[in-house]
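Enquirer: Sharing a structure here in C-alpha cells format.
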There are 2 protein chains.
Amino acid sequence: MNLEESYIVQEIIDPTESLKQAFRRHASGVCVITLNDAAGSPVGFTATSVTSLGSEPALATFNVARGASSWPALSSAEFVAIQMLNEGSLELAKKMSQDHTKRFLDDDWFVEPTTKLPIFNQVNAVLICKVRERHEVEANAVIVVEIVSGLLAEELPSLLYHHRGYVVPGERQS
Amino acid sequence: MNLEESYIVQEIIDPTESLKQAFRRHASGVCVITLNDAAGSPVGFTATSVTSLGSEPALATFNVARGASSWPALSSAEFVAIQMLNEGSLELAKKMSQDHTKRFLDDDWFVEPTTKLPIFNQVNAVLICKVRERHEVEANAVIVVEIVSGLLAEELPSLLYHHRGYVVPGERQS
C-alpha cells in the first residue's frame with residue numbers, strides 16, 4: 001500500500017510536537033524511584049520511564065532530567081529502589097511529582113534494612129537496584145541499574161499514565 | 001512505619017526472579033520499531049521498552065537484546081520508525097514478535113517517502129527517528145534516538161502489555 005491509502009491523517013514537521021503528540025498516545029506504567037542523598041536523607045520521584053533491559057544479569061533502565069530536584073542525589077547514589085505503583089498509590093504518584101520538600105512527611109514509608117533505602121508501603125512490587133551506568137544526553141540522563149533483590153506486596157491493579165492522566169488496565173485482548 | 005507493618009508479603013533473593021515478578025506487575029505501551037538493513041530490506045520487531053527521554057531536543061530510548069534477529073540491522077541503521085500500536089494492531093504485535101521471515105509479507109505497510117522506512121498502517125502514531133547513541137550493556141543495548149518528524153493516524157485505544165498478555169487502558173483514575 002502507499003501513504004495515501006493508509007490510516008495516517010496528519011503529518012507533523014516539528015520534532016518536539018511530534019514527540020508530545022505520539023507519547024500522549026503511548027501508555028506507561030507508573031513507578032516511584034527512591035534513594036538517599038549524600039547526607040542520608042530520603043529522595044524520590046515519580047517515573048514513567050522504567051523498563052527492563054535484560055534478565056541475565058537482571059538489568060533495568062530509567063530516564064531522568066538532570067534539572068530535576070533528585071538529580072544531585074541520583075548522580076552519586078550507589079543504590080535506588082524502583083517501586084511499581086497500583087491504583088491504591090494514585091495520591092503517592094501525585095505527591096512524588098509535586099513539591100519535593102513534602103515527599104517524605106507522611107508515615108507511608110519504611111527503611112529497607114540492608115540498603116537503608118526508603119520504601120513506600122502502598123506499591124505492587126519493589127526492586128532494590130545498584131546503579132551501574134549513567135549516560136548523560138543533552139539535559140537528560142539514561143540510568144542503567146542491576147537488580148539486587150525484590151519485594152512483592154499485596155497486588156492491586158497497576159497504575160498507568162496515558163493522555164496526561166492516570167488509568168488502570170482494562171479489557172484483556174488475548 | 002516498619003517492614004512488618006507494611007503491605008509487603010514476600011521477599012525475593014534471586015535478582016532474575018525479582019525482575020520477572022516485578023515487571024509482570026508493570027504495564028508497558030506496545031510499539032513496533034522498523035528500519036532497513038544494509039541491503040535495503042525491511043526489518044522490524046515488537047518493543048515494550050520505548051520511552052521519552054527529553055523534549056528539547058526531542059529524544060527517546062528503547063532497549064534491545066543483541067541476540068535478536070534485528071540487531072545486525074539496528075547496529076548500523078541511521079534511521080528507525082517507532083510506531084505506537086492500538087487495539088487494532090494486536091495481530092501486528094504478535095506477528096512482529098514471531099518468525100522474523102514473515103513480518104513483511106502482508107500488504108499492511110507502506111514506505112515513508114523521505115527515509116524509505118517501512119511503516120505499518122494500523123498504528124496510533126509514528127515517530128521518524130535518527131539513531132544517536134548505542135550503549136551496549138552485557139548482551140543488550142540501550143538505543144538513544146532523536147525525533148525527526150511524526151505521523152498521526154486515526155486513534156484507537158492504545159495497546160498495552162501486562163501480566164504477559166495484551167490489554168487496553170481501562171478506568172480513568174484522575
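Ordered as shown in the C-alpha cells, chains take letters A, B, and onward, while each chain numbers its residues from 1 and ligands are numbered from 1 in the order shown.
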Within 6 Å of chain B, which residues belong to chain A? Use only C-alpha atoms and report them as a ChimeraX atom specification.

Expert: /A:1-2,6-13,15-16,18,22,26-29,49,51,53,55,58,63,110,121,125,147-153,166-174

Enquirer: Pairing the C-alpha atoms in order across the whole chain, superpose chain A onto chain B by least squares and write the result as a short mmCIF file (atom, residue, chain, number, x, y, z; two decimals) with N, CA and C atoms, in the first residue's frame.

Expert:
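Output saved as part-v3.cif:
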data_model
loop_
_atom_site.label_atom_id
_atom_site.label_comp_id
_atom_site.auth_asym_id
_atom_site.auth_seq_id
_atom_site.Cartn_x
_atom_site.Cartn_y
_atom_site.Cartn_z
N MET A 1 6.74 3.95 59.68
CA MET A 1 6.35 2.55 59.82
C MET A 1 7.57 1.66 59.59
N ASN A 2 7.40 0.36 59.81
CA ASN A 2 8.48 -0.55 59.50
C ASN A 2 7.98 -1.67 58.57
N LEU A 3 8.94 -2.47 58.08
CA LEU A 3 8.63 -3.52 57.10
C LEU A 3 7.49 -4.43 57.56
N GLU A 4 7.48 -4.79 58.84
CA GLU A 4 6.49 -5.74 59.35
C GLU A 4 5.07 -5.16 59.31
N GLU A 5 4.96 -3.83 59.40
CA GLU A 5 3.64 -3.19 59.36
C GLU A 5 3.16 -2.94 57.92
N SER A 6 4.02 -3.16 56.93
CA SER A 6 3.73 -2.78 55.54
C SER A 6 2.89 -3.83 54.82
N TYR A 7 2.52 -3.54 53.58
CA TYR A 7 1.78 -4.48 52.73
C TYR A 7 2.68 -5.54 52.09
N ILE A 8 3.99 -5.46 52.34
CA ILE A 8 4.92 -6.41 51.73
C ILE A 8 4.63 -7.82 52.23
N VAL A 9 4.49 -8.78 51.30
CA VAL A 9 4.16 -10.15 51.69
C VAL A 9 5.25 -11.15 51.34
N GLN A 10 6.22 -10.75 50.50
CA GLN A 10 7.24 -11.70 50.05
C GLN A 10 8.55 -10.99 49.71
N GLU A 11 9.65 -11.57 50.14
CA GLU A 11 10.96 -11.07 49.74
C GLU A 11 11.55 -12.07 48.76
N ILE A 12 12.16 -11.58 47.68
CA ILE A 12 12.78 -12.46 46.68
C ILE A 12 14.28 -12.18 46.66
N ILE A 13 15.08 -13.21 46.84
CA ILE A 13 16.53 -13.06 46.92
C ILE A 13 17.17 -13.05 45.53
N ASP A 14 16.64 -13.90 44.61
CA ASP A 14 17.26 -14.05 43.29
C ASP A 14 16.97 -12.82 42.40
N PRO A 15 18.01 -12.19 41.84
CA PRO A 15 17.80 -10.97 41.04
C PRO A 15 16.94 -11.20 39.80
N THR A 16 17.17 -12.28 39.05
CA THR A 16 16.40 -12.54 37.83
C THR A 16 14.93 -12.80 38.14
N GLU A 17 14.66 -13.57 39.20
CA GLU A 17 13.27 -13.83 39.60
C GLU A 17 12.61 -12.54 40.09
N SER A 18 13.37 -11.70 40.79
CA SER A 18 12.84 -10.40 41.24
C SER A 18 12.39 -9.56 40.05
N LEU A 19 13.28 -9.48 39.04
CA LEU A 19 12.97 -8.70 37.83
C LEU A 19 11.71 -9.22 37.15
N LYS A 20 11.63 -10.53 36.97
CA LYS A 20 10.48 -11.11 36.27
C LYS A 20 9.17 -10.86 37.00
N GLN A 21 9.19 -11.11 38.32
CA GLN A 21 7.96 -10.92 39.11
C GLN A 21 7.53 -9.45 39.12
N ALA A 22 8.48 -8.54 39.29
CA ALA A 22 8.13 -7.11 39.37
C ALA A 22 7.62 -6.59 38.03
N PHE A 23 8.28 -6.98 36.92
CA PHE A 23 7.87 -6.46 35.61
C PHE A 23 6.57 -7.10 35.10
N ARG A 24 6.20 -8.28 35.61
CA ARG A 24 4.88 -8.81 35.27
C ARG A 24 3.79 -7.87 35.78
N ARG A 25 4.07 -7.19 36.87
CA ARG A 25 3.11 -6.27 37.49
C ARG A 25 3.22 -4.85 36.94
N HIS A 26 4.11 -4.67 35.98
CA HIS A 26 4.37 -3.34 35.41
C HIS A 26 3.81 -3.34 33.99
N ALA A 27 2.85 -2.47 33.68
CA ALA A 27 2.28 -2.43 32.34
C ALA A 27 3.10 -1.50 31.44
N SER A 28 3.21 -1.87 30.15
CA SER A 28 4.00 -1.08 29.21
C SER A 28 3.22 -0.87 27.92
N GLY A 29 3.38 0.29 27.30
CA GLY A 29 2.83 0.53 25.97
C GLY A 29 3.57 -0.31 24.94
N VAL A 30 2.84 -0.78 23.94
CA VAL A 30 3.43 -1.65 22.92
C VAL A 30 3.70 -0.86 21.64
N CYS A 31 4.92 -0.98 21.13
CA CYS A 31 5.33 -0.35 19.88
C CYS A 31 5.87 -1.39 18.92
N VAL A 32 5.90 -1.03 17.64
CA VAL A 32 6.71 -1.75 16.67
C VAL A 32 7.79 -0.78 16.21
N ILE A 33 9.02 -1.27 16.08
CA ILE A 33 10.12 -0.46 15.59
C ILE A 33 10.58 -1.06 14.26
N THR A 34 10.67 -0.22 13.23
CA THR A 34 11.07 -0.70 11.91
C THR A 34 12.29 0.07 11.42
N LEU A 35 13.02 -0.56 10.49
CA LEU A 35 14.22 0.03 9.89
C LEU A 35 14.52 -0.74 8.61
N ASN A 36 15.58 -0.36 7.93
CA ASN A 36 16.05 -1.12 6.77
C ASN A 36 17.42 -1.67 7.08
N ASP A 37 17.69 -2.88 6.58
CA ASP A 37 19.04 -3.43 6.78
C ASP A 37 19.99 -2.86 5.71
N ALA A 38 21.23 -3.28 5.73
CA ALA A 38 22.24 -2.70 4.83
C ALA A 38 21.88 -2.91 3.36
N ALA A 39 21.12 -3.99 3.08
CA ALA A 39 20.71 -4.28 1.70
C ALA A 39 19.42 -3.54 1.31
N GLY A 40 18.84 -2.80 2.27
CA GLY A 40 17.61 -2.07 1.99
C GLY A 40 16.35 -2.86 2.24
N SER A 41 16.44 -4.03 2.83
CA SER A 41 15.25 -4.83 3.14
C SER A 41 14.64 -4.41 4.48
N PRO A 42 13.30 -4.48 4.59
CA PRO A 42 12.66 -4.05 5.83
C PRO A 42 12.90 -5.02 6.98
N VAL A 43 13.13 -4.46 8.17
CA VAL A 43 13.38 -5.20 9.40
C VAL A 43 12.52 -4.55 10.48
N GLY A 44 12.01 -5.34 11.44
CA GLY A 44 11.22 -4.74 12.50
C GLY A 44 10.93 -5.71 13.62
N PHE A 45 10.48 -5.17 14.75
CA PHE A 45 10.21 -6.01 15.92
C PHE A 45 9.28 -5.29 16.88
N THR A 46 8.58 -6.06 17.70
CA THR A 46 7.72 -5.52 18.75
C THR A 46 8.58 -5.11 19.94
N ALA A 47 8.32 -3.92 20.50
CA ALA A 47 9.10 -3.41 21.62
C ALA A 47 8.18 -2.84 22.69
N THR A 48 8.45 -3.21 23.95
CA THR A 48 7.66 -2.66 25.05
C THR A 48 8.53 -1.74 25.92
N SER A 49 9.68 -1.32 25.38
CA SER A 49 10.64 -0.54 26.16
C SER A 49 10.78 0.90 25.69
N VAL A 50 9.90 1.35 24.79
CA VAL A 50 10.02 2.71 24.26
C VAL A 50 9.62 3.73 25.32
N THR A 51 10.48 4.72 25.53
CA THR A 51 10.16 5.76 26.51
C THR A 51 10.78 7.08 26.08
N SER A 52 10.13 8.17 26.49
CA SER A 52 10.60 9.51 26.17
C SER A 52 11.83 9.84 27.02
N LEU A 53 12.78 10.58 26.45
CA LEU A 53 13.98 10.97 27.21
C LEU A 53 14.00 12.46 27.49
N GLY A 54 13.58 13.27 26.52
CA GLY A 54 13.56 14.72 26.71
C GLY A 54 12.85 15.35 25.53
N SER A 55 12.39 16.60 25.68
CA SER A 55 11.60 17.19 24.60
C SER A 55 12.32 18.28 23.81
N GLU A 56 13.42 18.84 24.35
CA GLU A 56 14.18 19.89 23.65
C GLU A 56 15.67 19.61 23.76
N PRO A 57 16.30 18.95 22.83
CA PRO A 57 15.73 18.34 21.62
C PRO A 57 14.88 17.12 21.96
N ALA A 58 14.05 16.71 21.02
CA ALA A 58 13.12 15.59 21.23
C ALA A 58 13.88 14.27 21.13
N LEU A 59 13.94 13.55 22.26
CA LEU A 59 14.73 12.32 22.35
C LEU A 59 13.89 11.19 22.94
N ALA A 60 14.18 9.97 22.54
CA ALA A 60 13.54 8.79 23.10
C ALA A 60 14.57 7.67 23.21
N THR A 61 14.24 6.64 23.99
CA THR A 61 15.12 5.48 24.12
C THR A 61 14.30 4.19 23.97
N PHE A 62 14.98 3.13 23.59
CA PHE A 62 14.40 1.79 23.71
C PHE A 62 15.54 0.81 23.93
N ASN A 63 15.21 -0.38 24.44
CA ASN A 63 16.20 -1.40 24.79
C ASN A 63 16.01 -2.64 23.92
N VAL A 64 17.11 -3.26 23.54
CA VAL A 64 17.03 -4.47 22.71
C VAL A 64 18.05 -5.50 23.19
N ALA A 65 17.78 -6.76 22.87
CA ALA A 65 18.75 -7.84 23.07
C ALA A 65 19.62 -7.90 21.83
N ARG A 66 20.94 -7.98 22.02
CA ARG A 66 21.84 -8.01 20.87
C ARG A 66 21.85 -9.36 20.18
N GLY A 67 21.14 -10.34 20.75
CA GLY A 67 20.98 -11.62 20.10
C GLY A 67 19.76 -11.66 19.19
N ALA A 68 18.96 -10.59 19.16
CA ALA A 68 17.73 -10.58 18.37
C ALA A 68 18.04 -10.52 16.87
N SER A 69 17.09 -11.00 16.06
CA SER A 69 17.29 -11.05 14.60
C SER A 69 17.47 -9.65 14.00
N SER A 70 16.91 -8.63 14.64
CA SER A 70 17.00 -7.27 14.11
C SER A 70 18.31 -6.57 14.48
N TRP A 71 19.11 -7.15 15.38
CA TRP A 71 20.29 -6.44 15.86
C TRP A 71 21.32 -6.09 14.78
N PRO A 72 21.66 -7.00 13.86
CA PRO A 72 22.65 -6.62 12.84
C PRO A 72 22.24 -5.35 12.09
N ALA A 73 20.95 -5.24 11.71
CA ALA A 73 20.48 -4.04 11.02
C ALA A 73 20.50 -2.84 11.96
N LEU A 74 20.06 -3.06 13.19
CA LEU A 74 19.97 -1.96 14.16
C LEU A 74 21.35 -1.43 14.56
N SER A 75 22.35 -2.27 14.52
CA SER A 75 23.69 -1.85 14.95
C SER A 75 24.32 -0.85 13.98
N SER A 76 23.75 -0.72 12.78
CA SER A 76 24.33 0.22 11.81
C SER A 76 23.32 1.18 11.19
N ALA A 77 22.02 1.03 11.50
CA ALA A 77 20.99 1.86 10.85
C ALA A 77 21.11 3.33 11.24
N GLU A 78 20.82 4.20 10.27
CA GLU A 78 20.81 5.65 10.55
C GLU A 78 19.43 6.10 11.05
N PHE A 79 18.36 5.50 10.50
CA PHE A 79 16.99 5.89 10.86
C PHE A 79 16.17 4.70 11.34
N VAL A 80 15.25 4.94 12.26
CA VAL A 80 14.26 3.94 12.66
C VAL A 80 12.90 4.63 12.79
N ALA A 81 11.83 3.86 12.66
CA ALA A 81 10.47 4.39 12.89
C ALA A 81 9.88 3.69 14.11
N ILE A 82 9.52 4.48 15.12
CA ILE A 82 8.83 3.96 16.31
C ILE A 82 7.34 4.13 16.08
N GLN A 83 6.57 3.05 16.21
CA GLN A 83 5.14 3.08 15.90
C GLN A 83 4.33 2.62 17.11
N MET A 84 3.46 3.48 17.61
CA MET A 84 2.65 3.19 18.78
C MET A 84 1.43 2.36 18.35
N LEU A 85 1.27 1.19 18.92
CA LEU A 85 0.19 0.30 18.49
C LEU A 85 -1.13 0.59 19.23
N ASN A 86 -2.21 0.06 18.64
CA ASN A 86 -3.54 0.23 19.25
C ASN A 86 -4.28 -1.11 19.21
N GLU A 87 -5.53 -1.11 19.70
CA GLU A 87 -6.25 -2.39 19.80
C GLU A 87 -6.47 -3.03 18.43
N GLY A 88 -6.36 -2.25 17.38
CA GLY A 88 -6.48 -2.79 16.03
C GLY A 88 -5.20 -3.47 15.54
N SER A 89 -4.11 -3.28 16.28
CA SER A 89 -2.83 -3.85 15.84
C SER A 89 -2.35 -5.01 16.71
N LEU A 90 -3.29 -5.69 17.35
CA LEU A 90 -2.94 -6.83 18.19
C LEU A 90 -2.24 -7.93 17.38
N GLU A 91 -2.77 -8.24 16.19
CA GLU A 91 -2.15 -9.29 15.36
C GLU A 91 -0.77 -8.83 14.87
N LEU A 92 -0.62 -7.53 14.62
CA LEU A 92 0.68 -6.98 14.22
C LEU A 92 1.70 -7.15 15.34
N ALA A 93 1.28 -6.87 16.57
CA ALA A 93 2.18 -7.04 17.73
C ALA A 93 2.67 -8.47 17.82
N LYS A 94 1.77 -9.42 17.61
CA LYS A 94 2.16 -10.85 17.66
C LYS A 94 3.07 -11.20 16.49
N LYS A 95 2.69 -10.78 15.29
CA LYS A 95 3.48 -11.11 14.10
C LYS A 95 4.91 -10.59 14.22
N MET A 96 5.07 -9.39 14.76
CA MET A 96 6.39 -8.76 14.82
C MET A 96 7.24 -9.27 15.99
N SER A 97 6.69 -10.22 16.76
CA SER A 97 7.49 -10.85 17.82
C SER A 97 7.68 -12.34 17.54
N GLN A 98 7.17 -12.81 16.38
CA GLN A 98 7.33 -14.22 16.01
C GLN A 98 8.31 -14.35 14.84
N ASP A 99 8.17 -15.37 14.00
CA ASP A 99 9.10 -15.68 12.89
C ASP A 99 9.49 -14.41 12.10
N HIS A 100 10.78 -14.06 12.15
CA HIS A 100 11.18 -12.79 11.55
C HIS A 100 11.15 -12.80 10.03
N THR A 101 11.04 -13.98 9.41
CA THR A 101 10.98 -14.04 7.94
C THR A 101 9.57 -13.73 7.41
N LYS A 102 8.58 -13.66 8.33
CA LYS A 102 7.18 -13.48 7.88
C LYS A 102 6.61 -12.11 8.25
N ARG A 103 7.48 -11.19 8.69
CA ARG A 103 6.97 -9.94 9.26
C ARG A 103 6.52 -8.90 8.23
N PHE A 104 7.00 -9.01 6.99
CA PHE A 104 6.65 -8.00 5.97
C PHE A 104 6.00 -8.63 4.74
N LEU A 105 5.37 -9.79 4.91
CA LEU A 105 4.77 -10.49 3.77
C LEU A 105 3.39 -9.94 3.41
N ASP A 106 2.70 -9.33 4.38
CA ASP A 106 1.34 -8.84 4.12
C ASP A 106 1.35 -7.42 3.57
N ASP A 107 0.24 -7.03 2.95
CA ASP A 107 0.11 -5.68 2.39
C ASP A 107 -0.46 -4.74 3.45
N ASP A 108 0.27 -4.60 4.58
CA ASP A 108 -0.21 -3.78 5.69
C ASP A 108 0.80 -2.68 6.05
N TRP A 109 1.70 -2.37 5.12
CA TRP A 109 2.71 -1.34 5.38
C TRP A 109 3.03 -0.58 4.09
N PHE A 110 3.61 0.62 4.27
CA PHE A 110 3.99 1.44 3.12
C PHE A 110 5.39 2.00 3.38
N VAL A 111 5.99 2.59 2.38
CA VAL A 111 7.34 3.13 2.50
C VAL A 111 7.25 4.65 2.69
N GLU A 112 7.83 5.13 3.80
CA GLU A 112 7.83 6.58 4.07
C GLU A 112 8.74 7.23 3.02
N PRO A 113 8.22 8.26 2.31
CA PRO A 113 8.94 8.77 1.13
C PRO A 113 10.36 9.31 1.42
N THR A 114 10.57 10.03 2.54
CA THR A 114 11.86 10.68 2.78
C THR A 114 12.94 9.70 3.23
N THR A 115 12.62 8.88 4.23
CA THR A 115 13.63 7.98 4.82
C THR A 115 13.60 6.58 4.24
N LYS A 116 12.57 6.26 3.46
CA LYS A 116 12.35 4.90 2.90
C LYS A 116 12.05 3.87 3.99
N LEU A 117 11.71 4.32 5.21
CA LEU A 117 11.41 3.39 6.30
C LEU A 117 10.07 2.69 6.06
N PRO A 118 9.97 1.40 6.41
CA PRO A 118 8.68 0.71 6.33
C PRO A 118 7.79 1.12 7.50
N ILE A 119 6.54 1.52 7.20
CA ILE A 119 5.59 1.98 8.22
C ILE A 119 4.32 1.15 8.13
N PHE A 120 3.87 0.65 9.28
CA PHE A 120 2.63 -0.13 9.28
C PHE A 120 1.42 0.81 9.32
N ASN A 121 0.38 0.34 8.68
CA ASN A 121 -0.83 1.13 8.50
C ASN A 121 -1.63 1.26 9.80
N GLN A 122 -1.74 0.15 10.54
CA GLN A 122 -2.66 0.09 11.68
C GLN A 122 -1.94 0.45 12.98
N VAL A 123 -1.62 1.73 13.17
CA VAL A 123 -0.93 2.20 14.38
C VAL A 123 -1.57 3.51 14.81
N ASN A 124 -1.28 3.97 16.03
CA ASN A 124 -1.82 5.25 16.50
C ASN A 124 -0.94 6.43 16.13
N ALA A 125 0.36 6.22 16.09
CA ALA A 125 1.30 7.32 15.83
C ALA A 125 2.62 6.73 15.38
N VAL A 126 3.38 7.52 14.64
CA VAL A 126 4.69 7.11 14.13
C VAL A 126 5.69 8.22 14.45
N LEU A 127 6.86 7.83 14.95
CA LEU A 127 7.96 8.80 15.11
C LEU A 127 9.11 8.38 14.19
N ILE A 128 9.44 9.26 13.25
CA ILE A 128 10.60 9.04 12.39
C ILE A 128 11.81 9.55 13.18
N CYS A 129 12.80 8.68 13.40
CA CYS A 129 13.89 8.99 14.33
C CYS A 129 15.25 8.72 13.70
N LYS A 130 16.24 9.51 14.15
CA LYS A 130 17.63 9.31 13.76
C LYS A 130 18.34 8.67 14.96
N VAL A 131 19.06 7.58 14.73
CA VAL A 131 19.78 6.93 15.82
C VAL A 131 20.96 7.80 16.23
N ARG A 132 21.06 8.04 17.54
CA ARG A 132 22.08 8.96 18.04
C ARG A 132 23.15 8.28 18.87
N GLU A 133 22.76 7.34 19.72
CA GLU A 133 23.73 6.63 20.57
C GLU A 133 23.29 5.18 20.72
N ARG A 134 24.27 4.30 20.84
CA ARG A 134 24.01 2.88 21.15
C ARG A 134 24.92 2.53 22.32
N HIS A 135 24.34 2.12 23.44
CA HIS A 135 25.14 1.74 24.60
C HIS A 135 24.97 0.25 24.84
N GLU A 136 26.03 -0.51 24.63
CA GLU A 136 25.96 -1.95 24.85
C GLU A 136 26.17 -2.24 26.33
N VAL A 137 25.26 -3.04 26.90
CA VAL A 137 25.32 -3.42 28.32
C VAL A 137 25.09 -4.93 28.38
N GLU A 138 26.12 -5.69 28.74
CA GLU A 138 26.05 -7.15 28.72
C GLU A 138 25.56 -7.60 27.34
N ALA A 139 24.54 -8.46 27.26
CA ALA A 139 24.06 -8.97 25.97
C ALA A 139 22.98 -8.08 25.35
N ASN A 140 22.83 -6.84 25.87
CA ASN A 140 21.74 -5.95 25.47
C ASN A 140 22.28 -4.63 24.95
N ALA A 141 21.38 -3.76 24.50
CA ALA A 141 21.80 -2.41 24.14
C ALA A 141 20.68 -1.42 24.44
N VAL A 142 21.07 -0.22 24.88
CA VAL A 142 20.15 0.91 25.03
C VAL A 142 20.37 1.80 23.81
N ILE A 143 19.29 2.07 23.07
CA ILE A 143 19.38 2.90 21.86
C ILE A 143 18.76 4.26 22.16
N VAL A 144 19.51 5.33 21.89
CA VAL A 144 19.01 6.70 22.05
C VAL A 144 18.75 7.26 20.66
N VAL A 145 17.54 7.76 20.44
CA VAL A 145 17.18 8.33 19.12
C VAL A 145 16.71 9.76 19.28
N GLU A 146 16.91 10.55 18.19
CA GLU A 146 16.39 11.91 18.15
C GLU A 146 15.24 11.94 17.15
N ILE A 147 14.12 12.53 17.56
CA ILE A 147 12.93 12.54 16.71
C ILE A 147 13.13 13.56 15.58
N VAL A 148 12.76 13.13 14.36
CA VAL A 148 12.86 13.98 13.17
C VAL A 148 11.49 14.58 12.83
N SER A 149 10.46 13.73 12.80
CA SER A 149 9.11 14.17 12.48
C SER A 149 8.12 13.10 12.94
N GLY A 150 6.82 13.37 12.76
CA GLY A 150 5.82 12.43 13.23
C GLY A 150 4.66 12.26 12.27
N LEU A 151 3.93 11.17 12.42
CA LEU A 151 2.70 10.91 11.67
C LEU A 151 1.64 10.48 12.68
N LEU A 152 0.44 11.01 12.56
CA LEU A 152 -0.66 10.59 13.42
C LEU A 152 -1.73 9.90 12.57
N ALA A 153 -2.27 8.79 13.11
CA ALA A 153 -3.34 8.07 12.41
C ALA A 153 -4.64 8.24 13.19
N GLU A 154 -5.70 7.69 12.64
CA GLU A 154 -6.97 7.66 13.39
C GLU A 154 -6.70 6.93 14.70
N GLU A 155 -7.12 7.51 15.84
CA GLU A 155 -6.74 6.95 17.14
C GLU A 155 -7.74 5.92 17.65
N LEU A 156 -7.21 4.78 18.06
CA LEU A 156 -7.98 3.75 18.74
C LEU A 156 -7.35 3.55 20.12
N PRO A 157 -8.01 2.84 21.07
CA PRO A 157 -7.40 2.59 22.38
C PRO A 157 -6.00 1.98 22.24
N SER A 158 -5.06 2.49 23.02
CA SER A 158 -3.67 2.05 22.95
C SER A 158 -3.53 0.59 23.37
N LEU A 159 -2.52 -0.06 22.83
CA LEU A 159 -2.25 -1.46 23.19
C LEU A 159 -1.17 -1.50 24.27
N LEU A 160 -1.43 -2.28 25.33
CA LEU A 160 -0.53 -2.41 26.47
C LEU A 160 -0.14 -3.87 26.66
N TYR A 161 1.01 -4.08 27.28
CA TYR A 161 1.45 -5.43 27.64
C TYR A 161 1.52 -5.49 29.17
N HIS A 162 0.84 -6.47 29.76
CA HIS A 162 0.74 -6.56 31.22
C HIS A 162 0.46 -7.99 31.61
N HIS A 163 1.18 -8.50 32.61
CA HIS A 163 1.00 -9.90 33.03
C HIS A 163 1.07 -10.84 31.84
N ARG A 164 2.04 -10.62 30.98
CA ARG A 164 2.30 -11.46 29.81
C ARG A 164 1.13 -11.60 28.85
N GLY A 165 0.31 -10.56 28.75
CA GLY A 165 -0.78 -10.55 27.79
C GLY A 165 -1.05 -9.13 27.32
N TYR A 166 -1.90 -8.99 26.32
CA TYR A 166 -2.22 -7.66 25.79
C TYR A 166 -3.52 -7.14 26.38
N VAL A 167 -3.52 -5.87 26.78
CA VAL A 167 -4.72 -5.23 27.33
C VAL A 167 -4.86 -3.82 26.73
N VAL A 168 -6.02 -3.20 26.94
CA VAL A 168 -6.20 -1.78 26.58
C VAL A 168 -6.41 -0.99 27.87
N PRO A 169 -6.23 0.33 27.84
CA PRO A 169 -6.43 1.14 29.05
C PRO A 169 -7.86 1.02 29.56
N GLY A 170 -8.02 1.05 30.88
CA GLY A 170 -9.34 0.95 31.49
C GLY A 170 -9.76 2.26 32.14
N GLU A 171 -10.36 2.12 33.31
CA GLU A 171 -10.96 3.26 34.01
C GLU A 171 -9.97 4.36 34.35
N ARG A 172 -10.36 5.59 34.09
CA ARG A 172 -9.54 6.75 34.40
C ARG A 172 -9.62 7.04 35.91
N GLN A 173 -8.46 7.26 36.54
CA GLN A 173 -8.39 7.46 37.99
C GLN A 173 -8.40 8.93 38.38
N SER A 174 -7.96 9.79 37.49
CA SER A 174 -7.95 11.24 37.78
C SER A 174 -7.60 11.99 36.52
#

Enquirer: Would you mind writing down, as a PyMOL selection string, each residue of chain A that DSSP on the backbone assigns to strand (DSSP E)?

Expert: chain A and resi 8-12+28-29+31-36+42-47+51-55+58-65+79-84+109-111+118-120+125-137+140-153+160-162+165-172

Enquirer: According to DSSP computed on the backbone, where in chain A is there helix (DSSP H, G or I)? Give the residues as a list in words.

Expert: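 Here are the helix (DSSP H, G or I) residues of chain A: Leu3, Glu4, Glu5, Pro15, Thr16, Glu17, Ser18, Leu19, Lys20, Gln21, Ala22, Phe23, Arg24, Trp71, Pro72, Ala73, Leu74, Glu87, Gly88, Ser89, Leu90, Glu91, Leu92, Ala93, Lys94, Lys95, His100, Thr101 and Lys102 of chain A.
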